[in-house]
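Text of coords-v9.tsv (TSV, C-alpha atoms) as supplied:
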```tsv
chain	number	residue	atom	x	y	z
A	19	MET	CA	0.00	0.00	0.00
A	20	LEU	CA	2.91	2.34	0.72
A	21	SER	CA	4.51	1.66	-2.64
A	22	TRP	CA	1.15	1.95	-4.41
A	23	SER	CA	0.10	5.20	-2.75
A	24	GLY	CA	3.56	6.65	-3.33
A	25	THR	CA	3.51	5.73	-7.00
A	26	GLU	CA	0.02	7.19	-7.38
A	27	GLN	CA	1.25	10.47	-5.93
A	28	GLY	CA	4.51	10.50	-7.89
A	29	ILE	CA	6.65	9.85	-4.84
A	30	GLU	CA	9.42	7.28	-5.01
A	31	ILE	CA	9.56	5.26	-1.83
A	32	ASP	CA	12.80	3.65	-0.65
A	33	LEU	CA	11.51	0.90	1.65
A	34	THR	CA	14.93	0.19	3.08
A	35	THR	CA	14.80	3.58	4.78
A	36	VAL	CA	11.59	2.55	6.50
A	37	GLN	CA	13.22	-0.66	7.70
A	38	ALA	CA	16.24	1.28	8.94
A	39	ALA	CA	13.95	3.91	10.51
A	40	THR	CA	16.02	6.66	8.93
A	41	GLY	CA	12.93	8.06	7.24
A	42	GLY	CA	14.99	9.46	4.38
A	43	ILE	CA	12.26	9.21	1.79
A	44	GLY	CA	10.43	11.79	-0.20
A	45	VAL	CA	7.47	12.14	2.12
A	46	SER	CA	6.83	15.22	4.26
A	47	PHE	CA	7.77	14.67	7.93
A	48	ALA	CA	8.85	11.11	7.06
A	49	LYS	CA	11.53	10.92	9.73
A	50	GLN	CA	9.26	12.30	12.46
A	51	LEU	CA	6.45	9.92	11.44
A	52	VAL	CA	8.72	6.88	11.40
A	53	ASP	CA	10.35	7.87	14.71
A	54	PHE	CA	6.94	8.27	16.35
A	55	ALA	CA	5.67	4.95	14.97
A	56	THR	CA	8.84	3.22	16.12
A	57	ALA	CA	8.74	4.68	19.63
A	58	ALA	CA	5.02	3.96	19.97
A	59	THR	CA	5.64	0.27	19.33
A	60	GLU	CA	8.45	0.03	21.87
A	61	PHE	CA	8.61	0.65	25.62
A	62	ASP	CA	10.93	3.65	25.93
A	63	LEU	CA	8.58	6.36	27.20
A	64	THR	CA	11.28	9.02	26.97
A	65	ALA	CA	11.82	8.28	23.29
A	66	LEU	CA	8.08	8.23	22.77
A	67	ALA	CA	7.60	11.65	24.38
A	68	LYS	CA	10.48	13.09	22.40
A	69	SER	CA	9.25	11.74	19.07
A	70	ARG	CA	5.71	12.93	19.81
A	71	ASP	CA	6.93	16.44	20.62
A	72	GLN	CA	9.01	16.50	17.44
A	73	LEU	CA	6.05	15.48	15.32
A	74	ILE	CA	3.80	18.05	16.98
A	75	SER	CA	6.39	20.75	16.33
A	76	VAL	CA	6.60	20.06	12.59
A	77	ALA	CA	3.09	18.80	11.80
A	78	GLY	CA	0.78	20.01	14.55
A	79	VAL	CA	-1.54	18.40	17.07
A	80	ALA	CA	-4.23	17.15	14.67
A	81	THR	CA	-1.72	15.37	12.46
A	82	THR	CA	-0.04	13.82	15.49
A	83	ILE	CA	-3.39	12.54	16.75
A	84	ASP	CA	-4.18	11.05	13.34
A	85	THR	CA	-0.74	9.45	13.26
A	86	ALA	CA	-1.44	7.84	16.64
A	87	ALA	CA	-4.74	6.62	15.21
A	88	VAL	CA	-2.98	4.94	12.27
A	89	ILE	CA	-0.44	3.39	14.65
A	90	ALA	CA	-3.31	2.09	16.78
A	91	ASN	CA	-5.06	0.74	13.71
A	92	PHE	CA	-2.07	-1.33	12.71
A	93	GLU	CA	-1.51	-2.59	16.23
A	94	MET	CA	-5.04	-3.94	15.70
A	95	MET	CA	-4.70	-5.13	12.10
A	96	THR	CA	-1.42	-6.98	12.62
A	97	ARG	CA	-3.03	-8.97	15.44
A	98	LEU	CA	-6.17	-9.52	13.39
A	99	ALA	CA	-4.11	-10.83	10.48
A	100	ASP	CA	-1.77	-13.01	12.50
A	101	SER	CA	-4.41	-14.52	14.82
A	102	THR	CA	-6.79	-15.46	12.01
A	103	GLY	CA	-4.07	-16.84	9.74
A	104	ALA	CA	-4.68	-14.19	7.11
A	105	ARG	CA	-2.62	-14.64	4.01
A	106	MET	CA	-2.41	-13.26	0.55
A	107	GLN	CA	-3.01	-15.16	-2.67
A	108	THR	CA	0.15	-16.92	-3.88
A	109	GLU	CA	0.47	-14.66	-6.92
A	110	VAL	CA	0.19	-11.56	-4.72
A	111	VAL	CA	2.95	-12.85	-2.45
A	112	ALA	CA	5.15	-13.38	-5.49
A	113	ASP	CA	4.43	-9.85	-6.72
A	114	ARG	CA	5.29	-8.35	-3.34
A	115	LEU	CA	8.37	-10.39	-2.55
A	116	VAL	CA	10.74	-7.60	-3.52
A	117	VAL	CA	8.91	-5.27	-1.17
A	118	ALA	CA	8.98	-7.84	1.64
A	119	GLN	CA	12.71	-8.34	1.16
A	120	ALA	CA	13.33	-4.59	1.22
A	121	MET	CA	11.35	-4.39	4.46
A	122	GLY	CA	13.15	-7.36	5.97
A	123	VAL	CA	9.93	-9.30	6.55
A	124	ASP	CA	10.34	-12.01	3.92
A	125	LYS	CA	11.46	-14.62	6.45
A	126	VAL	CA	9.22	-13.87	9.44
A	127	VAL	CA	7.12	-16.61	11.06
A	128	SER	CA	3.93	-14.83	10.06
A	129	ARG	CA	4.66	-15.46	6.36
A	130	ARG	CA	2.26	-18.19	5.42
B	23	MET	CA	2.98	20.05	24.70
B	24	ARG	CA	0.28	17.85	26.15
B	25	ILE	CA	-2.56	16.49	24.05
B	26	SER	CA	-5.90	16.02	25.75
B	27	LEU	CA	-8.86	13.84	24.87
B	28	SER	CA	-10.81	16.94	23.88
B	29	ASP	CA	-8.34	17.42	21.00
B	30	VAL	CA	-9.33	14.07	19.49
B	31	ARG	CA	-11.89	13.80	16.68
B	32	GLN	CA	-15.34	12.88	18.02
B	33	ASP	CA	-15.85	10.01	15.57
B	34	LEU	CA	-12.66	8.42	16.83
B	35	VAL	CA	-13.54	8.99	20.49
B	36	LEU	CA	-16.95	7.44	19.89
B	37	ALA	CA	-15.60	4.39	18.04
B	38	HIS	CA	-13.17	3.71	20.89
B	39	GLU	CA	-15.80	4.28	23.59
B	40	GLN	CA	-18.22	1.88	21.94
B	41	ALA	CA	-15.58	-0.79	21.48
B	42	TRP	CA	-14.24	-0.38	25.02
B	43	SER	CA	-17.73	-0.56	26.56
B	44	ALA	CA	-18.47	-3.70	24.58
B	45	LEU	CA	-15.57	-5.43	26.33
B	46	SER	CA	-17.69	-5.66	29.47
B	47	GLU	CA	-20.92	-6.63	27.72
B	48	PRO	CA	-22.17	-10.06	26.70
B	49	GLY	CA	-20.78	-10.97	23.30
B	50	THR	CA	-21.70	-13.69	20.87
B	51	TRP	CA	-19.87	-16.58	22.53
B	52	TRP	CA	-18.56	-15.12	25.80
B	53	SER	CA	-20.40	-13.46	28.70
B	54	GLY	CA	-19.74	-9.91	29.86
B	55	ALA	CA	-17.81	-11.19	32.87
B	56	GLN	CA	-15.68	-13.46	30.69
B	57	ARG	CA	-15.03	-10.76	28.10
B	58	ARG	CA	-14.02	-8.24	30.76
B	59	GLU	CA	-11.70	-10.71	32.41
B	60	LEU	CA	-10.13	-11.67	29.08
B	61	ALA	CA	-9.70	-7.99	28.23
B	62	GLN	CA	-7.78	-7.57	31.47
B	63	THR	CA	-5.45	-10.36	30.41
B	64	ALA	CA	-4.97	-8.69	27.02
B	65	LEU	CA	-4.27	-5.45	28.84
B	66	LEU	CA	-1.62	-7.17	30.93
B	67	ALA	CA	-0.04	-8.66	27.83
B	68	VAL	CA	0.26	-5.43	25.86
B	69	THR	CA	1.49	-3.32	28.78
B	70	GLU	CA	4.02	-5.62	30.47
B	71	VAL	CA	7.53	-4.32	29.93
B	72	GLU	CA	8.93	-7.81	30.56
B	73	PRO	CA	6.43	-10.16	28.89
B	74	LEU	CA	6.28	-13.90	29.24
B	75	PRO	CA	7.93	-15.67	26.32
B	76	PRO	CA	5.55	-17.08	23.71
B	77	TRP	CA	5.96	-20.66	24.90
B	78	VAL	CA	4.87	-19.92	28.50
B	79	ALA	CA	1.11	-19.98	29.14
B	80	VAL	CA	0.03	-17.06	31.30
B	81	SER	CA	-2.32	-19.27	33.33
B	82	THR	CA	0.65	-21.33	34.54
B	83	VAL	CA	2.46	-18.37	36.09
B	84	GLU	CA	1.36	-17.55	39.63
B	85	GLY	CA	0.06	-14.03	40.18
B	86	LYS	CA	-0.40	-13.10	36.53
B	87	ILE	CA	-4.14	-13.72	36.38
B	88	SER	CA	-6.72	-14.60	39.01
B	89	ALA	CA	-6.61	-18.15	40.32
B	90	SER	CA	-10.39	-18.45	39.85
B	91	THR	CA	-11.29	-17.12	36.42
B	92	VAL	CA	-14.74	-17.25	34.84
B	93	ALA	CA	-13.26	-17.90	31.39
B	94	SER	CA	-11.16	-21.00	30.86
B	95	SER	CA	-7.43	-20.86	31.44
B	96	SER	CA	-6.89	-21.82	27.80
B	97	ALA	CA	-8.88	-18.75	26.71
B	98	HIS	CA	-6.64	-16.55	28.84
B	99	ASP	CA	-3.56	-18.25	27.40
B	100	VAL	CA	-4.80	-17.64	23.86
B	101	VAL	CA	-5.56	-13.99	24.58
B	102	TYR	CA	-2.14	-13.33	26.12
B	103	ARG	CA	-0.35	-15.05	23.25
B	104	ILE	CA	-2.24	-13.15	20.55
B	105	ALA	CA	-1.94	-9.84	22.37
B	106	ARG	CA	1.82	-10.05	22.87
B	107	HIS	CA	3.22	-12.55	20.39
B	108	ALA	CA	0.87	-12.54	17.41
B	109	SER	CA	3.67	-12.86	14.87
B	110	THR	CA	4.70	-16.23	16.35
B	111	LEU	CA	1.35	-17.93	15.74
B	112	THR	CA	1.19	-20.93	13.44
B	113	LYS	CA	-1.59	-23.00	11.92
B	114	GLU	CA	-0.61	-25.89	14.18
B	115	TRP	CA	-1.13	-23.62	17.19
B	116	TYR	CA	-4.55	-22.58	15.88
B	117	GLU	CA	-5.59	-26.18	15.31
B	118	ARG	CA	-4.48	-27.12	18.81
B	119	VAL	CA	-6.33	-24.31	20.57
B	120	THR	CA	-9.51	-24.80	18.57
B	121	GLN	CA	-9.73	-28.35	19.87
B	122	GLU	CA	-10.60	-26.67	23.19
B	123	ILE	CA	-12.18	-23.42	22.02
B	124	ASP	CA	-14.85	-23.33	19.32
B	125	PRO	CA	-13.50	-21.55	16.21
B	126	LEU	CA	-16.19	-18.87	16.38
B	127	ALA	CA	-15.50	-18.28	20.07
B	128	PHE	CA	-11.82	-18.03	19.06
B	129	VAL	CA	-12.70	-15.30	16.55
B	130	GLU	CA	-14.37	-13.34	19.32
B	131	LEU	CA	-11.24	-13.71	21.47
B	132	CYS	CA	-9.22	-12.22	18.62
B	133	GLY	CA	-11.64	-9.30	18.54
B	134	ILE	CA	-11.22	-8.68	22.28
B	135	VAL	CA	-7.45	-8.58	21.85
B	136	CYS	CA	-7.69	-6.29	18.84
B	137	THR	CA	-9.88	-3.84	20.76
B	138	VAL	CA	-7.57	-3.71	23.75
B	139	ALA	CA	-4.43	-3.45	21.64
B	140	THR	CA	-5.73	-0.59	19.52
B	141	VAL	CA	-7.15	1.55	22.34
B	142	VAL	CA	-4.03	1.05	24.47
B	143	ALA	CA	-1.76	1.90	21.54
B	144	PHE	CA	-3.65	5.10	20.80
B	145	ARG	CA	-3.77	6.30	24.39
B	146	ARG	CA	-0.17	5.38	25.04
B	147	ALA	CA	1.12	7.09	21.90
B	148	LEU	CA	-0.52	10.34	22.99
B	149	ASP	CA	0.18	9.95	26.72
B	150	LEU	CA	-3.54	9.81	27.48
B	151	GLU	CA	-4.81	7.92	30.50
B	152	LEU	CA	-6.31	4.51	29.79
B	153	PRO	CA	-10.05	4.23	30.41
B	154	GLU	CA	-11.24	1.88	33.13
B	155	LEU	CA	-13.11	-1.22	32.07
B	156	SER	CA	-16.77	-0.93	33.04
B	157	ALA	CA	-18.31	-3.39	35.45
B	158	ALA	CA	-19.38	-6.55	33.65
B	159	LYS	CA	-22.94	-6.48	32.40
B	160	THR	CA	-25.12	-9.49	33.02
B	161	GLY	CA	-26.83	-11.43	30.27
B	162	GLU	CA	-26.13	-14.41	28.12
B	163	PRO	CA	-24.00	-14.44	24.95
B	164	SER	CA	-26.25	-14.29	21.90
B	165	HIS	CA	-24.81	-17.46	20.26
B	166	HIS	CA	-25.77	-15.85	16.96
B	167	LYS	CA	-24.29	-17.95	14.18
B	168	PRO	CA	-24.74	-16.84	10.57
B	169	ASP	CA	-26.20	-19.60	8.37
B	170	ASN	CA	-23.58	-19.46	5.66
B	171	ILE	CA	-20.30	-20.12	7.47
B	172	VAL	CA	-17.65	-21.86	5.40
B	173	ASP	CA	-13.95	-22.67	5.54
B	174	ALA	CA	-11.63	-20.21	3.83
B	175	THR	CA	-8.41	-20.64	1.93
B	176	LEU	CA	-7.02	-17.27	2.93
B	177	ASN	CA	-7.67	-17.62	6.70
B	178	TRP	CA	-7.46	-20.34	9.34
B	179	VAL	CA	-10.76	-19.22	10.80
B	180	PRO	CA	-14.15	-19.90	9.20
B	181	VAL	CA	-15.84	-16.99	7.44
B	182	VAL	CA	-19.20	-16.07	5.95
B	183	ALA	CA	-19.65	-17.27	2.35
B	184	PRO	CA	-18.55	-16.58	-0.26
B	185	ALA	CA	-15.03	-17.12	1.05
B	186	ASP	CA	-11.90	-15.53	-0.39
B	187	GLU	CA	-13.63	-12.93	-2.54
B	188	ASN	CA	-12.43	-10.16	-0.23
B	189	ALA	CA	-9.03	-9.68	1.36
B	190	ALA	CA	-8.26	-12.09	4.20
B	191	VAL	CA	-8.32	-9.34	6.83
B	192	VAL	CA	-11.70	-8.14	5.60
B	193	GLN	CA	-13.35	-11.56	5.81
B	194	ALA	CA	-11.54	-12.71	8.97
B	195	PHE	CA	-14.18	-11.74	11.55
B	196	THR	CA	-17.31	-12.06	9.39
B	197	ALA	CA	-18.44	-15.25	11.12
B	198	VAL	CA	-18.96	-13.21	14.31
B	199	PRO	CA	-20.83	-10.14	13.01
B	200	GLN	CA	-20.92	-8.35	16.40
B	201	THR	CA	-17.11	-8.45	16.61
B	202	ASN	CA	-16.75	-7.58	12.94
B	203	ARG	CA	-18.84	-4.41	13.30
B	204	VAL	CA	-16.89	-3.11	16.30
B	205	ILE	CA	-13.50	-3.69	14.73
B	206	TRP	CA	-14.33	-2.11	11.38
B	207	ALA	CA	-15.99	0.89	13.02
B	208	MET	CA	-12.64	1.55	14.70
B	209	ALA	CA	-10.72	0.95	11.47
B	210	ASP	CA	-12.91	3.47	9.64
B	211	ALA	CA	-12.21	6.13	12.28
B	212	GLN	CA	-8.54	5.34	12.79
B	213	TYR	CA	-7.36	4.76	9.27
B	214	ILE	CA	-9.52	5.12	6.16
B	215	PRO	CA	-13.28	4.64	5.73
B	216	ASP	CA	-13.85	1.46	3.75
B	217	LYS	CA	-15.35	3.21	0.72
B	218	GLU	CA	-12.30	5.47	0.40
B	219	MET	CA	-9.73	2.67	0.48
B	220	VAL	CA	-9.18	2.65	-3.29
B	221	ASP	CA	-8.46	6.39	-3.47
B	222	PRO	CA	-4.71	7.06	-3.09
B	223	HIS	CA	-5.41	10.78	-2.67
B	224	TRP	CA	-7.96	10.51	0.15
B	225	THR	CA	-7.09	12.50	3.27
B	226	ARG	CA	-8.73	13.90	6.39
B	227	GLY	CA	-6.75	17.07	5.83
B	228	THR	CA	-3.94	15.98	8.13
B	229	LEU	CA	-1.95	12.99	6.89
B	230	THR	CA	-1.73	12.25	3.19
B	231	ARG	CA	-2.39	8.67	2.09
B	232	VAL	CA	1.30	8.02	1.57
B	233	GLN	CA	2.09	9.32	5.07
B	234	MET	CA	-0.57	6.99	6.50
B	235	GLU	CA	0.91	4.06	4.60
B	236	LEU	CA	4.40	4.96	5.78
B	237	VAL	CA	3.25	4.76	9.40
B	238	ALA	CA	1.24	1.59	8.74
B	239	THR	CA	4.24	-0.04	7.09
B	240	ARG	CA	6.55	0.84	9.97
B	241	VAL	CA	4.16	-0.57	12.59
B	242	SER	CA	3.64	-3.75	10.57
B	243	GLN	CA	7.38	-4.16	10.20
B	244	GLN	CA	7.93	-3.62	13.93
B	245	ARG	CA	5.32	-6.32	14.62
B	246	GLU	CA	6.90	-8.66	12.05
B	247	CYS	CA	3.58	-9.01	10.29
B	248	PHE	CA	4.11	-10.42	6.80
B	249	TYR	CA	0.55	-9.71	5.72
```

Using structure tokens, write down the structure that the file contains.
Amino acid sequence: MLSWSGTEQGIEIDLTTVQAATGGIGVSFAKQLVDFATAATEFDLTALAKSRDQLISVAGVATTIDTAAVIANFEMMTRLADSTGARMQTEVVADRLVVAQAMGVDKVVSRR
Amino acid sequence: MRISLSDVRQDLVLAHEQAWSALSEPGTWWSGAQRRELAQTALLAVTEVEPLPPWVAVSTVEGKISASTVASSSAHDVVYRIARHASTLTKEWYERVTQEIDPLAFVELCGIVCTVATVVAFRRALDLELPELSAAKTGEPSHHKPDNIVDATLNWVPVVAPADENAAVVQAFTAVPQTNRVIWAMADAQYIPDKEMVDPHWTRGTLTRVQMELVATRVSQQRECFY
């Protein structure tokens, strides 16, 4: 979806920068968004507060709230997918293998 | 700068309130008391800084959950495992646990975990206090079972026919409509309304679609979710 939405908007996405959490891609506030998403999925409250403040400072409160909402949604959807054994059609997996490799998720247990 | 609950969009507040309240109400296969208790176990799982490893059942560790639970210990074990170690689940695990827990009751357990995980994640990300779980409401589970439940190729769990015409995540909870409604009401408010999903330019005026997908991708990668 990231690659697709980027392509549709004429933005080239380097997925390895998402994996590395460097956020160096052509998306506005990419680094702050990735830092916030990373901190929100870990347990370092100091890092979380810092990343939240940084996102608020560049993008504002409403955008930060909507970012938290997307984070929350994917904390939900990843559990939904993994607990119900959700998988993609074989041909879709083949199409997306390059993306999965770039993201470093091609060998995870949840690949099925 | 502190963010307060009054800064949050009302549709999002409402979706979370409805889902959170439902955790203490009778469901389709579990009572209000059971659902509330299982939600507490999910809460423990997603908030523990030092979690149990995936191969340790929470019910076997003294002091983690009540010694006299109203839901079965296997249900608590399933909830903890999904809540904290979802990426480690296998089909063999699913087949083992559904020998003890009916597959539709299992789907409802997944929905309880999803609700807890999403509300906790949102509140925690914004440093907002977690809501208390309401007292359990009395009443029996509805045991409502749609007529047209079938096995799916794209999910372990059974789904409403026709199977595999929609994405696996979309059909995953359809066999328990009450759970399905709650989860997708939150997804609409948190991410993108269903009817807008195909529009790469859709926005609420804050995040662009590509920014949303960047965040979604990072969370999925952190959770090692291949899907």

May I have a table of the residues of region 44-115 of chain A lying at most 9 Å from region 170-176 of chain B, giving each one's closest pair of atoms and their distance in Å to one decimal, counting only C-alpha atoms, ordered by chain and ascending residue number, as CSV?
```
residue,atom,partner,partner_atom,distance
A:Gly103,CA,B:Leu176,CA,7.4
A:Ala104,CA,B:Leu176,CA,5.7
A:Arg105,CA,B:Leu176,CA,5.2
A:Met106,CA,B:Leu176,CA,6.6
A:Gln107,CA,B:Leu176,CA,7.2
```

List the residues sitting within 10 Å of (4.5, 2.8, 18.4) in the file's frame, using all atoms listed in the file, as a list in words.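 The distance filter leaves exactly Val52, Asp53, Phe54, Ala55, Thr56, Ala57, Ala58, Thr59, Glu60, Phe61, Asp62, Leu66, Thr85, Ala86, Val88, Ile89, Ala90, Phe92 and Glu93 of chain A; Ala143, Phe144, Arg146, Ala147, Val237, Arg240, Val241, Gln244 and Arg245 of chain B.
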
Neighbours of Thr82 (chain A) within 7 Å (all atoms listed in the file; same-chain residues fewer than 5 positions away dropped), as a list in words? Leu73, Ile74 and Ala77 of chain A

Which of A:Glu109, A:Leu115, A:Gly44, A:Asp100 sits closest to chain B [using only C-alpha atoms]: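 Between A:Glu109, A:Leu115, A:Gly44, A:Asp100, the residue approaching chain B most closely is A:Asp100.
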
Surrounding residues of Val100 (chain B) excluding itself and chain neighbours under 6 positions, 12 Å, all atoms listed in the file, as a PDB file with C-alpha atoms, in the coordinates of the input:
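Output file part03.pdb follows:
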```pdb
ATOM      1  CA  SER A 101      -4.410 -14.520  14.820  1.00  0.00           C
TER       2      SER A 101
ATOM      3  CA  LEU B  60     -10.130 -11.670  29.080  1.00  0.00           C
ATOM      4  CA  ALA B  61      -9.700  -7.990  28.230  1.00  0.00           C
ATOM      5  CA  THR B  63      -5.450 -10.360  30.410  1.00  0.00           C
ATOM      6  CA  ALA B  64      -4.970  -8.690  27.020  1.00  0.00           C
ATOM      7  CA  ALA B  67      -0.040  -8.660  27.830  1.00  0.00           C
ATOM      8  CA  PRO B  76       5.550 -17.080  23.710  1.00  0.00           C
ATOM      9  CA  TRP B  77       5.960 -20.660  24.900  1.00  0.00           C
ATOM     10  CA  VAL B  78       4.870 -19.920  28.500  1.00  0.00           C
ATOM     11  CA  ALA B  79       1.110 -19.980  29.140  1.00  0.00           C
ATOM     12  CA  VAL B  80       0.030 -17.060  31.300  1.00  0.00           C
ATOM     13  CA  SER B  81      -2.320 -19.270  33.330  1.00  0.00           C
ATOM     14  CA  ALA B  93     -13.260 -17.900  31.390  1.00  0.00           C
ATOM     15  CA  SER B  94     -11.160 -21.000  30.860  1.00  0.00           C
ATOM     16  CA  ARG B 106       1.820 -10.050  22.870  1.00  0.00           C
ATOM     17  CA  HIS B 107       3.220 -12.550  20.390  1.00  0.00           C
ATOM     18  CA  ALA B 108       0.870 -12.540  17.410  1.00  0.00           C
ATOM     19  CA  LEU B 111       1.350 -17.930  15.740  1.00  0.00           C
ATOM     20  CA  TRP B 115      -1.130 -23.620  17.190  1.00  0.00           C
ATOM     21  CA  TYR B 116      -4.550 -22.580  15.880  1.00  0.00           C
ATOM     22  CA  ARG B 118      -4.480 -27.120  18.810  1.00  0.00           C
ATOM     23  CA  VAL B 119      -6.330 -24.310  20.570  1.00  0.00           C
ATOM     24  CA  THR B 120      -9.510 -24.800  18.570  1.00  0.00           C
ATOM     25  CA  GLU B 122     -10.600 -26.670  23.190  1.00  0.00           C
ATOM     26  CA  ILE B 123     -12.180 -23.420  22.020  1.00  0.00           C
ATOM     27  CA  ALA B 127     -15.500 -18.280  20.070  1.00  0.00           C
ATOM     28  CA  PHE B 128     -11.820 -18.030  19.060  1.00  0.00           C
ATOM     29  CA  VAL B 129     -12.700 -15.300  16.550  1.00  0.00           C
ATOM     30  CA  GLU B 130     -14.370 -13.340  19.320  1.00  0.00           C
ATOM     31  CA  LEU B 131     -11.240 -13.710  21.470  1.00  0.00           C
ATOM     32  CA  CYS B 132      -9.220 -12.220  18.620  1.00  0.00           C
ATOM     33  CA  ILE B 134     -11.220  -8.680  22.280  1.00  0.00           C
ATOM     34  CA  VAL B 135      -7.450  -8.580  21.850  1.00  0.00           C
TER      35      VAL B 135
END
```

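With only C-alpha atoms as the atoms that count, the minimum distance from chain A to the choices B:His98, B:Arg203, B:Arg103, B:Lys167 is reached by B:Arg103.
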